[in-house]
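Trainee: File name model_25.txt; file contents compact mmCIF, C-alpha atoms; full text below.
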```txt
# COMPACT_ATOMS: atom_id res chain seq x y z
CA MET A 20 176.52 -13.16 -22.06
CA GLU A 21 178.96 -14.62 -19.61
CA GLU A 22 180.07 -17.22 -22.12
CA GLU A 23 180.81 -14.53 -24.66
CA ALA A 24 182.93 -12.64 -22.18
CA GLU A 25 184.90 -15.80 -21.53
CA THR A 26 185.72 -16.43 -25.17
CA GLU A 27 186.79 -12.81 -25.50
CA SER A 28 189.10 -13.13 -22.56
CA ILE A 29 190.66 -16.21 -24.15
CA THR A 30 191.32 -14.20 -27.31
CA LEU A 31 192.89 -11.53 -25.22
CA GLN A 32 195.03 -14.00 -23.38
CA ASP A 33 196.37 -15.25 -26.69
CA SER A 34 197.05 -11.76 -27.89
CA ALA A 35 198.75 -10.78 -24.69
CA ALA A 36 201.28 -13.55 -25.15
CA GLY A 37 204.09 -11.47 -26.65
CA GLY A 38 201.98 -9.29 -28.89
CA ARG A 39 202.83 -11.27 -31.97
CA ILE A 40 200.53 -12.11 -34.83
CA ASP A 41 200.12 -15.83 -35.01
CA GLY A 42 199.47 -17.62 -38.29
CA LYS A 43 196.68 -15.92 -40.22
CA TRP A 44 197.86 -17.54 -43.45
CA GLY A 45 194.50 -16.80 -45.03
CA TYR A 46 195.54 -13.17 -45.41
CA ILE A 47 198.91 -14.17 -46.80
CA TRP A 48 197.46 -16.53 -49.42
CA GLY A 49 194.88 -13.85 -50.21
CA ALA A 50 197.51 -11.20 -50.87
CA TYR A 51 199.72 -13.50 -52.95
CA SER A 52 196.71 -14.74 -54.96
CA VAL A 53 195.63 -11.18 -55.70
CA THR A 54 199.17 -10.48 -56.91
CA TRP A 55 199.21 -13.41 -59.30
CA VAL A 56 195.70 -12.80 -60.60
CA LEU A 57 196.52 -9.16 -61.35
CA LEU A 58 199.89 -9.82 -62.97
CA VAL A 59 198.77 -12.85 -65.02
CA GLY A 60 195.56 -11.05 -65.98
CA TYR A 61 197.51 -8.02 -67.20
CA THR A 62 199.89 -10.25 -69.16
CA LEU A 63 196.92 -11.88 -70.89
CA SER A 64 195.40 -8.49 -71.67
CA LEU A 65 198.68 -7.39 -73.28
CA VAL A 66 198.88 -10.54 -75.40
CA LEU A 67 195.23 -10.30 -76.42
CA ARG A 68 195.41 -6.63 -77.31
CA GLY A 69 198.59 -7.18 -79.28
CA ARG A 70 196.95 -9.97 -81.29
CA LEU A 71 193.76 -8.03 -81.98
CA LEU A 72 195.71 -5.02 -83.08
CA ARG A 73 197.93 -7.03 -85.39
CA ARG A 74 194.88 -8.61 -86.98
CA SER A 75 192.97 -5.36 -87.39
CA SER A 76 195.97 -3.56 -88.88
CA GLY A 77 196.81 -6.48 -91.13
CA VAL A 78 200.43 -6.41 -90.07
CA GLU A 79 202.21 -9.71 -89.66
CA ARG A 80 205.20 -9.97 -87.46
CA MET B 5 211.68 5.45 -82.90
CA LYS B 6 211.47 1.70 -82.85
CA LEU B 7 212.64 -0.81 -80.30
CA PRO B 8 215.02 -3.52 -81.46
CA PHE B 9 213.58 -6.98 -82.00
CA ALA B 10 211.73 -8.39 -78.99
CA TRP B 11 214.64 -7.85 -76.57
CA GLU B 12 212.08 -7.59 -73.81
CA HIS B 13 211.26 -11.30 -73.92
CA LEU B 14 214.69 -12.09 -72.53
CA ILE B 15 213.95 -9.78 -69.60
CA GLY B 16 210.48 -11.32 -69.36
CA VAL B 17 211.85 -14.83 -68.90
CA ILE B 18 214.37 -13.70 -66.29
CA ALA B 19 211.60 -11.71 -64.57
CA LEU B 20 209.28 -14.71 -64.40
CA LEU B 21 211.98 -16.99 -62.99
CA LEU B 22 213.14 -14.43 -60.44
CA PHE B 23 209.56 -13.59 -59.49
CA CYS B 24 208.70 -17.24 -58.83
CA TYR B 25 211.88 -17.61 -56.80
CA GLY B 26 211.12 -14.43 -54.89
CA GLN B 27 207.62 -15.63 -54.05
CA VAL B 28 208.84 -18.99 -52.76
CA PHE B 29 211.70 -17.29 -50.92
CA GLY B 30 209.38 -14.79 -49.24
CA LEU B 31 206.72 -17.35 -48.39
CA PHE B 32 208.79 -20.25 -47.13
CA MET B 33 212.52 -19.61 -46.87
CA VAL B 34 212.55 -16.51 -44.69
CA PRO B 35 211.67 -16.44 -40.98
CA PRO B 36 208.60 -14.48 -39.89
CA ASP B 37 208.78 -10.99 -38.39
CA ALA B 38 209.22 -10.81 -34.62
CA HIS B 39 205.89 -9.07 -34.08
CA MET B 40 203.90 -9.23 -37.30
CA GLY B 41 204.63 -12.93 -37.63
CA ASP B 42 204.00 -14.62 -40.95
CA VAL B 43 201.65 -11.86 -42.05
CA ALA B 44 204.76 -9.71 -42.66
CA ARG B 45 205.32 -11.84 -45.78
CA ILE B 46 202.62 -9.75 -47.45
CA LEU B 47 205.15 -6.90 -47.36
CA PHE B 48 207.31 -8.78 -49.85
CA VAL B 49 204.73 -7.98 -52.53
CA HIS B 50 203.32 -4.78 -51.01
CA VAL B 51 206.56 -2.81 -50.73
CA PRO B 52 208.01 -3.80 -54.15
CA SER B 53 204.76 -2.80 -55.84
CA ALA B 54 204.97 0.58 -54.08
CA TRP B 55 208.57 1.23 -55.12
CA ASN B 56 207.87 0.18 -58.69
CA ALA B 57 204.63 2.14 -58.95
CA PHE B 58 206.51 5.29 -57.95
CA PHE B 59 209.32 4.43 -60.34
CA VAL B 60 207.01 3.80 -63.29
CA PHE B 61 205.00 6.97 -62.65
CA THR B 62 208.31 8.85 -62.54
CA ILE B 63 209.07 7.42 -65.98
CA ALA B 64 205.67 8.74 -67.09
CA PHE B 65 206.66 12.19 -65.79
CA VAL B 66 209.97 12.13 -67.63
CA CYS B 67 208.29 10.96 -70.85
CA ALA B 68 205.67 13.70 -70.59
CA LEU B 69 208.40 16.32 -70.29
CA GLY B 70 210.37 14.59 -73.02
CA TYR B 71 207.44 14.73 -75.42
CA LEU B 72 206.68 18.37 -74.79
CA ILE B 73 210.33 19.32 -75.25
CA SER B 74 211.22 17.15 -78.22
CA GLY B 75 207.91 16.27 -79.84
CA ARG B 76 209.10 12.72 -80.54
CA LYS B 77 206.27 10.23 -80.64
CA GLY B 78 208.34 7.57 -78.87
CA PHE B 79 207.89 9.52 -75.66
CA ASP B 80 204.15 9.33 -76.09
CA HIS B 81 204.23 5.56 -76.58
CA ALA B 82 206.28 5.21 -73.42
CA LEU B 83 203.97 7.58 -71.56
CA GLU B 84 200.93 5.53 -72.54
CA ALA B 85 202.68 2.36 -71.35
CA ALA B 86 203.91 3.87 -68.10
CA LEU B 87 200.49 5.26 -67.16
CA GLU B 88 198.85 1.88 -67.51
CA VAL B 89 201.59 -0.16 -65.79
CA GLY B 90 201.77 2.39 -62.97
CA ILE B 91 198.03 2.11 -62.41
CA LEU B 92 198.30 -1.69 -62.37
CA LEU B 93 201.05 -1.54 -59.72
CA THR B 94 199.10 1.00 -57.65
CA ILE B 95 196.03 -1.23 -57.65
CA LEU B 96 198.25 -4.10 -56.53
CA LEU B 97 199.73 -1.83 -53.87
CA LEU B 98 196.34 -0.83 -52.48
CA MET B 99 194.91 -4.35 -52.50
CA THR B 100 197.87 -6.00 -50.77
CA GLY B 101 198.07 -3.09 -48.36
CA SER B 102 194.43 -3.47 -47.45
CA ILE B 103 194.84 -7.20 -46.86
CA PHE B 104 197.88 -6.44 -44.68
CA ALA B 105 196.08 -3.70 -42.73
CA LYS B 106 193.32 -5.98 -41.44
CA PRO B 107 195.46 -8.33 -39.31
CA THR B 108 197.96 -5.63 -38.26
CA TRP B 109 195.95 -2.43 -37.70
CA ASP B 110 192.58 -4.21 -37.39
CA VAL B 111 190.90 -2.31 -40.25
CA TRP B 112 190.75 -2.95 -44.01
CA TRP B 113 190.81 0.72 -44.86
CA LYS B 114 191.16 4.00 -43.05
CA TRP B 115 191.02 7.49 -44.54
CA GLU B 116 194.37 8.40 -43.09
CA PRO B 117 197.06 10.42 -44.91
CA ARG B 118 198.99 7.62 -46.63
CA LEU B 119 195.97 5.66 -47.78
CA THR B 120 194.07 8.75 -48.83
CA SER B 121 196.96 10.19 -50.83
CA SER B 122 197.58 6.82 -52.53
CA ALA B 123 193.92 6.61 -53.51
CA ILE B 124 194.04 10.15 -54.88
CA MET B 125 197.19 9.25 -56.82
CA LEU B 126 195.43 6.27 -58.41
CA MET B 127 192.33 8.28 -59.30
CA THR B 128 194.44 11.08 -60.79
CA TYR B 129 196.29 8.76 -63.14
CA VAL B 130 193.07 6.98 -64.08
CA GLY B 131 191.82 10.45 -64.98
CA VAL B 132 194.78 10.98 -67.31
CA VAL B 133 194.07 7.67 -69.07
CA VAL B 134 190.42 8.63 -69.47
CA LEU B 135 191.57 11.93 -70.97
CA ARG B 136 193.72 10.01 -73.46
CA SER B 137 190.78 7.87 -74.44
CA VAL B 138 188.59 10.82 -75.40
CA VAL B 139 191.13 12.70 -77.56
CA GLN B 140 191.15 11.24 -81.07
CA ASP B 141 194.02 13.08 -82.72
CA ASN B 142 197.45 11.55 -82.02
CA GLU B 143 199.36 14.76 -81.52
CA ARG B 144 196.72 16.53 -79.48
CA ARG B 145 196.40 13.48 -77.29
CA ALA B 146 200.15 13.39 -76.78
CA VAL B 147 200.37 17.09 -75.94
CA TRP B 148 197.45 17.30 -73.55
CA SER B 149 198.03 14.03 -71.78
CA SER B 150 201.68 15.05 -71.30
CA ALA B 151 200.55 18.25 -69.61
CA ALA B 152 198.03 16.30 -67.53
CA THR B 153 200.72 13.79 -66.53
CA ILE B 154 202.99 16.58 -65.31
CA LEU B 155 200.12 17.89 -63.18
CA ALA B 156 199.32 14.39 -61.92
CA SER B 157 202.95 13.98 -60.80
CA VAL B 158 202.15 16.24 -57.85
CA THR B 159 200.59 13.19 -56.22
CA LEU B 160 203.92 11.30 -56.31
CA PRO B 161 205.92 13.28 -53.70
CA LEU B 162 202.71 13.92 -51.82
CA THR B 163 202.01 10.22 -51.45
CA TYR B 164 205.62 9.27 -50.82
CA PHE B 165 206.17 11.87 -48.10
CA SER B 166 202.62 11.79 -46.71
CA VAL B 167 203.80 9.76 -43.72
CA GLN B 168 206.28 12.51 -42.87
CA ILE B 169 204.14 15.53 -43.68
CA TRP B 170 201.12 14.36 -41.72
CA ARG B 171 200.47 12.09 -38.78
CA SER B 172 199.58 8.70 -40.06
CA ILE B 173 198.92 5.21 -38.82
CA HIS B 174 201.03 3.91 -41.69
CA GLN B 175 204.66 3.30 -40.77
CA ILE B 176 207.23 5.68 -42.24
CA GLN B 177 209.86 4.62 -44.76
CA THR B 178 212.38 2.25 -43.33
CA SER B 179 216.13 2.03 -43.77
CA PRO B 180 218.17 -1.10 -44.48
CA ALA B 181 219.59 -0.99 -40.94
CA ASP B 182 216.11 -1.44 -39.51
CA ILE B 183 215.46 -4.64 -41.41
CA ASP B 184 217.16 -7.91 -40.55
CA ALA B 185 219.23 -9.39 -43.35
CA PRO B 186 216.98 -12.27 -44.51
CA LEU B 187 213.87 -10.07 -44.64
CA ARG B 188 215.84 -7.39 -46.48
CA MET B 189 216.95 -9.95 -49.05
CA ALA B 190 213.36 -11.07 -49.63
CA TRP B 191 212.38 -7.46 -50.29
CA ARG B 192 215.22 -6.89 -52.69
CA ILE B 193 214.65 -10.06 -54.72
CA ASN B 194 210.97 -9.31 -55.08
CA ALA B 195 211.57 -5.64 -55.86
CA LEU B 196 213.99 -6.57 -58.64
CA ALA B 197 211.60 -9.22 -59.97
CA VAL B 198 208.71 -6.75 -60.09
CA LEU B 199 210.99 -4.18 -61.73
CA LEU B 200 211.88 -6.66 -64.48
CA LEU B 201 208.24 -7.69 -64.89
CA ALA B 202 207.28 -4.03 -65.14
CA THR B 203 209.98 -3.55 -67.78
CA TRP B 204 208.48 -6.36 -69.84
CA PHE B 205 204.99 -4.90 -69.41
CA LEU B 206 206.24 -1.45 -70.44
CA ALA B 207 207.96 -2.76 -73.55
CA ARG B 208 204.95 -4.81 -74.65
CA ARG B 209 202.59 -1.93 -73.96
CA TRP B 210 204.92 0.40 -75.85
CA ARG B 211 204.59 -1.74 -78.96
CA ILE B 212 200.80 -1.66 -78.72
CA ALA B 213 200.91 2.11 -78.32
CA ALA B 214 203.24 2.47 -81.30
CA ARG B 215 200.98 0.38 -83.52
CA ARG B 216 197.91 2.34 -82.44
CA TRP B 217 199.70 5.57 -83.29
CA GLU B 218 200.34 4.25 -86.79
CA LEU B 219 196.69 3.27 -87.12
CA GLY B 220 195.80 6.85 -86.36
CA ASP B 221 192.78 7.55 -84.28
CA ALA B 222 192.41 4.21 -82.53
CA PRO B 223 191.38 4.72 -78.90
CA PRO B 224 193.93 3.56 -76.31
CA LEU B 225 191.38 1.33 -74.57
CA PRO B 226 190.85 -2.17 -76.00
CA GLU B 227 188.16 -2.38 -78.63
CA PRO B 228 185.41 -4.98 -78.22
CA LEU B 229 185.79 -8.12 -80.28
CA GLN B 230 184.10 -7.95 -83.65
CA PRO B 231 181.60 -10.79 -84.21
CA GLU B 232 183.50 -12.22 -87.19
CA GLU B 233 186.72 -12.25 -85.22
CA VAL B 234 185.41 -14.35 -82.35
CA MET C 4 201.36 22.74 -82.16
CA LYS C 5 204.64 24.58 -82.55
CA PRO C 6 207.64 23.55 -80.48
CA TRP C 7 207.67 26.80 -78.50
CA GLN C 8 204.03 26.30 -77.64
CA ARG C 9 204.76 22.83 -76.32
CA LEU C 10 207.67 24.16 -74.30
CA LEU C 11 205.48 26.85 -72.83
CA LEU C 12 202.90 24.23 -71.92
CA ALA C 13 205.60 22.10 -70.27
CA PHE C 14 206.87 24.95 -68.12
CA GLY C 15 203.34 26.09 -67.37
CA ALA C 16 202.35 22.64 -66.19
CA LEU C 17 205.55 22.34 -64.13
CA ALA C 18 204.89 25.68 -62.47
CA VAL C 19 201.30 24.80 -61.65
CA ALA C 20 202.35 21.41 -60.33
CA GLY C 21 205.10 22.89 -58.17
CA GLY C 22 202.79 25.57 -56.84
CA ALA C 23 200.09 23.06 -56.00
CA LEU C 24 202.62 20.88 -54.19
CA LEU C 25 203.94 23.76 -52.08
CA PHE C 26 200.42 24.90 -51.34
CA ILE C 27 199.25 21.49 -50.16
CA VAL C 28 202.32 20.89 -48.03
CA PHE C 29 202.50 24.30 -46.40
CA SER C 30 198.95 25.61 -46.34
CA ASP C 31 197.92 23.46 -43.43
CA LYS C 32 201.04 24.28 -41.43
CA LEU C 33 200.49 27.96 -42.25
CA ALA C 34 196.87 27.76 -41.14
CA GLY C 35 198.13 26.17 -37.95
CA ASP C 36 200.51 29.08 -37.34
CA ILE C 37 197.89 31.73 -38.04
CA PHE C 38 194.75 30.22 -36.56
CA GLY C 39 196.37 27.87 -34.10
CA ASP C 40 194.52 24.95 -35.56
CA GLU C 41 195.79 22.38 -38.03
CA ASN C 42 193.00 20.64 -39.89
CA LEU C 43 194.76 17.64 -41.30
CA VAL C 44 195.47 15.78 -38.09
CA PHE C 45 194.67 12.09 -38.20
CA TYR C 46 194.93 11.71 -34.43
CA TRP C 47 195.57 13.82 -31.34
CA SER C 48 198.26 13.18 -28.78
CA PRO C 49 197.19 12.92 -25.12
CA THR C 50 198.72 16.34 -24.42
CA GLU C 51 196.80 17.97 -27.27
CA LEU C 52 193.54 16.34 -26.28
CA LEU C 53 193.86 17.46 -22.67
CA ASP C 54 194.93 20.97 -23.73
CA ALA C 55 191.86 21.23 -25.93
CA GLY C 56 189.69 21.04 -22.81
CA GLU C 57 185.96 21.10 -23.49
CA LYS C 58 186.45 21.13 -27.24
CA GLY C 59 188.15 17.76 -27.01
CA ARG C 60 185.28 16.23 -25.09
CA ARG C 61 182.50 17.18 -27.44
CA ALA C 62 183.26 15.18 -30.55
CA THR C 63 184.38 11.72 -31.47
CA VAL C 64 188.13 12.01 -31.98
CA ARG C 65 191.15 9.80 -32.52
CA LEU C 66 193.79 9.56 -29.85
CA GLY C 67 197.25 8.23 -30.61
CA GLY C 68 200.23 7.34 -28.46
CA MET C 69 202.11 4.56 -26.76
CA VAL C 70 200.48 1.84 -24.67
CA ARG C 71 201.21 1.83 -20.96
CA PRO C 72 199.78 -1.04 -18.88
CA GLY C 73 196.59 -0.45 -16.89
CA ASP C 74 196.47 -0.55 -13.10
CA ASP C 75 194.98 -4.04 -12.94
CA PRO C 76 197.71 -6.73 -13.17
CA ASN C 77 195.45 -8.61 -15.60
CA TRP C 78 194.87 -5.46 -17.62
CA ASP C 79 195.38 -7.08 -21.00
CA ARG C 80 193.39 -10.22 -20.30
CA LYS C 81 189.81 -9.05 -19.95
CA LEU C 82 187.22 -6.89 -21.59
CA PRO C 83 186.65 -4.02 -21.42
CA ILE C 84 190.39 -3.64 -21.60
CA GLU C 85 191.82 -0.68 -19.67
CA PHE C 86 195.20 0.87 -20.32
CA TYR C 87 196.90 4.22 -20.71
CA VAL C 88 197.85 5.97 -23.93
CA GLU C 89 200.78 8.27 -23.31
CA ASP C 90 203.12 10.71 -24.97
CA ALA C 91 206.16 12.41 -23.48
CA ASP C 92 204.12 14.61 -21.11
CA GLN C 93 200.64 13.26 -20.53
CA ARG C 94 198.62 10.10 -20.42
CA ILE C 95 194.96 9.28 -20.74
CA MET C 96 193.19 6.16 -19.53
CA VAL C 97 191.50 4.28 -22.36
CA ARG C 98 188.67 1.80 -21.93
CA SER C 99 187.95 -0.34 -24.96
CA THR C 100 185.00 -2.68 -25.34
CA GLY C 101 186.54 -4.19 -28.47
CA ALA C 102 189.40 -6.68 -28.39
CA PRO C 103 192.65 -5.21 -29.71
CA PRO C 104 194.50 -6.91 -32.58
CA GLN C 105 197.14 -9.52 -31.78
CA MET C 106 200.11 -7.20 -31.99
CA PHE C 107 198.77 -5.13 -29.09
CA ARG C 108 201.27 -5.03 -26.23
CA GLU C 109 202.93 -2.69 -23.79
CA GLY C 110 204.93 0.05 -25.50
CA ILE C 111 203.42 -0.30 -28.97
CA GLY C 112 201.82 2.65 -30.77
CA VAL C 113 198.03 2.68 -30.98
CA VAL C 114 195.31 4.89 -32.40
CA VAL C 115 191.89 4.70 -30.73
CA GLU C 116 188.63 6.23 -31.91
CA GLY C 117 186.09 7.44 -29.41
CA LYS C 118 185.26 10.12 -26.86
CA LEU C 119 186.80 11.46 -23.71
CA ASN C 120 184.10 11.19 -21.03
CA SER C 121 183.60 13.49 -18.05
CA ASP C 122 185.72 11.24 -15.80
CA GLY C 123 188.69 11.75 -18.10
CA VAL C 124 188.49 8.21 -19.48
CA PHE C 125 188.66 7.78 -23.22
CA GLU C 126 185.97 5.32 -24.27
CA THR C 127 186.38 3.39 -27.49
CA ASP C 128 185.35 0.18 -29.18
CA ARG C 129 188.32 -0.05 -31.54
CA VAL C 130 192.04 -0.14 -30.91
CA MET C 131 194.20 0.16 -34.00
CA VAL C 132 197.84 -0.81 -33.76
CA LYS C 133 200.55 1.29 -35.40
CA HIS C 134 203.59 -0.77 -36.21
CA SER C 135 207.07 0.71 -36.19
CA ASN C 136 209.25 0.70 -39.32
CA GLU C 137 211.55 -1.98 -37.98
CA TYR C 138 211.44 -5.52 -39.26
CA ARG C 139 213.19 -8.08 -37.11
CA VAL C 140 213.64 -11.79 -37.10
CA PRO C 141 212.23 -13.27 -33.85
CA ASP C 142 214.77 -14.50 -31.27
CA ASP C 143 213.50 -18.06 -31.29
CA GLU C 144 214.00 -18.15 -35.03
CA ALA C 145 217.59 -16.96 -34.87
CA GLU C 146 218.89 -20.30 -36.06
CA MET C 147 216.53 -20.22 -38.99
CA ALA C 148 217.63 -16.66 -39.71
CA ASP C 149 221.25 -17.78 -39.80
CA ALA C 150 220.31 -20.50 -42.24
CA ALA C 151 218.54 -17.97 -44.43
CA ARG C 152 221.50 -15.62 -44.22
CA THR C 153 223.91 -18.23 -45.52
CA LEU C 154 221.39 -19.01 -48.25
CA THR C 155 221.32 -15.41 -49.39
CA LEU C 156 225.10 -14.96 -49.02
CA ASP C 157 224.39 -11.67 -47.27
```
Go through the file and emit its structure as C-alpha cells.
Mentor:
Amino acid sequence: MEEEAETESITLQDSAAGGRIDGKWGYIWGAYSVTWVLLVGYTLSLVLRGRLLRRSSGVER
Amino acid sequence: MKLPFAWEHLIGVIALLLFCYGQVFGLFMVPPDAHMGDVARILFVHVPSAWNAFFVFTIAFVCALGYLISGRKGFDHALEAALEVGILLTILLLMTGSIFAKPTWDVWWKWEPRLTSSAIMLMTYVGVVVLRSVVQDNERRAVWSSAATILASVTLPLTYFSVQIWRSIHQIQTSPADIDAPLRMAWRINALAVLLLATWFLARRWRIAARRWELGDAPPLPEPLQPEEV
Amino acid sequence: MKPWQRLLLAFGALAVAGGALLFIVFSDKLAGDIFGDENLVFYWSPTELLDAGEKGRRATVRLGGMVRPGDDPNWDRKLPIEFYVEDADQRIMVRSTGAPPQMFREGIGVVVEGKLNSDGVFETDRVMVKHSNEYRVPDDEAEMADAARTLTLD
C-alpha cells in the first residue's frame, strides 16, 4: 500500500514539473498509423471497386 | 456530364508528395507544443481531417441542392462521392481525436457536446448512405438522398459551433494569431495535402458513381466478388 | 418527378433543416429562461454548484473551472491531491484520489467528476484537463522554432 502511494507521488512529481506532456510517442505513432491505414485502405477500395465495375460492365478504358 | 481524362491523377501525385512531406514535417521538423509536448503533433492530422470533413460535407449539401434544382445526374455522382469521402474523413477525425484525448484530457471518449455532435454527424451521414443503398431506381435515389442530405446538413453547423453553443471540454476554434508560426505551417501543409487527397478520392469515386448510374440499378455499396472472378 | 416537385422538395427540406437547427440551438436556452434550468450543461461552475445548494450535493456532477493551488505547499506532489477549482466569484476545494494527467498545473482549466460532500469538499477520482486554444512553441525550443521558421519561409 505504502509502495503504491510512493510510485503515485513520483508520477505526480513528474507531472508537476511544468505541466507539460512528456514523450508519449506511442499515441503519436498510433494516430499517424490509423491515418495511413484509413487513407491507403480507402485508396485500395476505390481501385478495387473501379476494376470490378469495369469488368462487370464490360467497358474498357 | 463527364469529367475530362483522368486529370485527377495529377492532383493525386501532388497530394501524395505533399502529404508525405507534411507528415515528416509535422512529426520531425516542427518543435513540440509548450504544454502538450510532442503529442500535439496528432493535431496535424486531426485538425486537417476536421476542416476537410466539413468542407466535403458542404460539397454534398451543395450537390444535393444542385440536383434538386437542376436534375442533372452529375450532381448525384458528386453527392455519392462526397458522402463517402466525408464519412471517411469523419472517421479519421474521431479516431485521431480519441487518441489525442487520452494523453491530454485523460479519457478516450466523453459524451460532451463536441464529441457527441460529431458522432451524431457521422451516424446521420451513414444513414443517408444506407438510404441510397436501399433505393434501386437511379432518379428516385438521387431525389430522396438529396433531400436526406439537406436534412443531414443540420449537423454541420451544430457540430462546428457546438463548442460555442454549449460548454465543452473540447477547445474552441483557434485563430492564426494563437498558433506559433512553425506549428501553423504544419497545419496548413497537412490541411492542403488532405484537401488534395480528398479531391482525388472525390474524382475517383465520382467515376464509379457515374458508371453505376449507367449500369442502372447497381447498389452503391461494393458487390461481393463472384466466384469466377476471383 | 417533375422539376417543380423537386424544387418544392428542396425548399421543404431546407425549411425543415433550418427549423430543426434553430430549435436545437435555442430550445435549451429558452427552457433555461422559462424554467431557470438548462439541461445541456456538460459541467457546472463553482458558483452554480454552490448556488444550487442541496440539489448540487445529491447527485454525481461535473465541476469545471481553473486550478488554484491547494493550501499544502506540496499540493501537487501527493495523493489524494487537493486543490481549488475556481471561477470569477467562487472556489471549491477538490480532493482527487486519481492522479491528474501530465498537463495539470496551476491556472489550467479542469473538469472533475464527483460529488460535493457535506464539508464542502468536492470528491473525485478523475481530473480531466481542458486545454486552451493556443498552440505555442516552448521557450527552450525557441532556437529550433527559429530554424523551422526559416525552413517554412514564414
Trainee: Which chain B residues have any atom within 6 Å of an atom of chain C, and for each, what is the nearest pair of atoms with distance in Å to one decimal, counting all atoms listed in the file, rows sorted by chain and number, as JSON lines?
Mentor:
```
{"residue": "B:Asp37", "atom": "CA", "partner": "C:Val140", "partner_atom": "CA", "distance": 5.1}
{"residue": "B:Ala38", "atom": "CA", "partner": "C:Pro141", "partner_atom": "CA", "distance": 4.0}
{"residue": "B:Leu72", "atom": "CA", "partner": "C:Arg9", "partner_atom": "CA", "distance": 5.1}
{"residue": "B:Ile73", "atom": "CA", "partner": "C:Leu10", "partner_atom": "CA", "distance": 5.6}
{"residue": "B:Trp109", "atom": "CA", "partner": "C:Val132", "partner_atom": "CA", "distance": 4.7}
{"residue": "B:Asp110", "atom": "CA", "partner": "C:Met131", "partner_atom": "CA", "distance": 5.8}
{"residue": "B:Ala151", "atom": "CA", "partner": "C:Ala16", "partner_atom": "CA", "distance": 5.8}
{"residue": "B:Leu155", "atom": "CA", "partner": "C:Ala20", "partner_atom": "CA", "distance": 5.0}
{"residue": "B:Val158", "atom": "CA", "partner": "C:Ala20", "partner_atom": "CA", "distance": 5.7}
{"residue": "B:Arg171", "atom": "CA", "partner": "C:Phe45", "partner_atom": "CA", "distance": 5.8}
{"residue": "B:Ile173", "atom": "CA", "partner": "C:Lys133", "partner_atom": "CA", "distance": 5.5}
{"residue": "B:Gln175", "atom": "CA", "partner": "C:Asn136", "partner_atom": "CA", "distance": 5.5}
{"residue": "B:Thr178", "atom": "CA", "partner": "C:Asn136", "partner_atom": "CA", "distance": 5.3}
{"residue": "B:Asp182", "atom": "CA", "partner": "C:Glu137", "partner_atom": "CA", "distance": 4.8}
{"residue": "B:Ile183", "atom": "CA", "partner": "C:Tyr138", "partner_atom": "CA", "distance": 4.6}
{"residue": "B:Asp184", "atom": "CA", "partner": "C:Arg139", "partner_atom": "CA", "distance": 5.3}
{"residue": "B:Pro186", "atom": "CA", "partner": "C:Arg152", "partner_atom": "CA", "distance": 5.6}
```
Trainee: Please identify every residue of chain A that has at least one atom no more than 6 Å from any atom of chain B, counting all atoms listed in the file, and report them as a list of chain:residue names.
Mentor: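 On the chain A side, the interface is A:Arg39, A:Ile40, A:Asp41, A:Ile47, A:Ala50, A:Gly69.
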Trainee: May I have the protein, DNA and RNA residues with an atom at most 8 Å from (199.8, 3.7, -18.3), counting only C-alpha atoms in the file's coordinates, returned as an MDAnalysis selection string?
Mentor: chainID C and resid 70:74 86:89 94:96
Trainee: Name the residues in contact with Leu119 in chain B at a cut-off of 10 Å, using only C-alpha atoms, excluding same-chain residues fewer than 4 positions from it; report them as an NGL selection string.
Mentor: :B and (98 or 101-102 or 113-115 or 123-125 or 163 or 166-167 or 172-174)
Trainee: With distances taken over all atoms listed in the file, which of C:Lys58, C:Arg65, C:Arg98, C:Arg80 is nearest to chain A?
Mentor: C:Arg80
Trainee: Work out how far CA of Ala156 in chain B is from CA of Phe58 in chain B, in Å to one decimal.
Mentor: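 Atom-to-atom, CA of Phe58 in chain B to CA of Ala156 in chain B, that is 12.3 Å.
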Trainee: How many Å separate CA of Leu126 in chain B from CA of Gly90 in chain B?
Mentor: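 According to the coordinates, CA of Leu126 in chain B and CA of Gly90 in chain B are separated by 8.7 Å.
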Trainee: Around all the atoms of range 20-35 of chain B listed in the file, with 6 Å of room on each side, what axis-aligned box do you get, giving centre and edge lengths in Å to one decimal, as JSON?
Mentor:
```
{"center_x": 209.9, "center_y": -16.9, "center_z": -52.7, "size_x": 18.4, "size_y": 18.7, "size_z": 35.4}
```
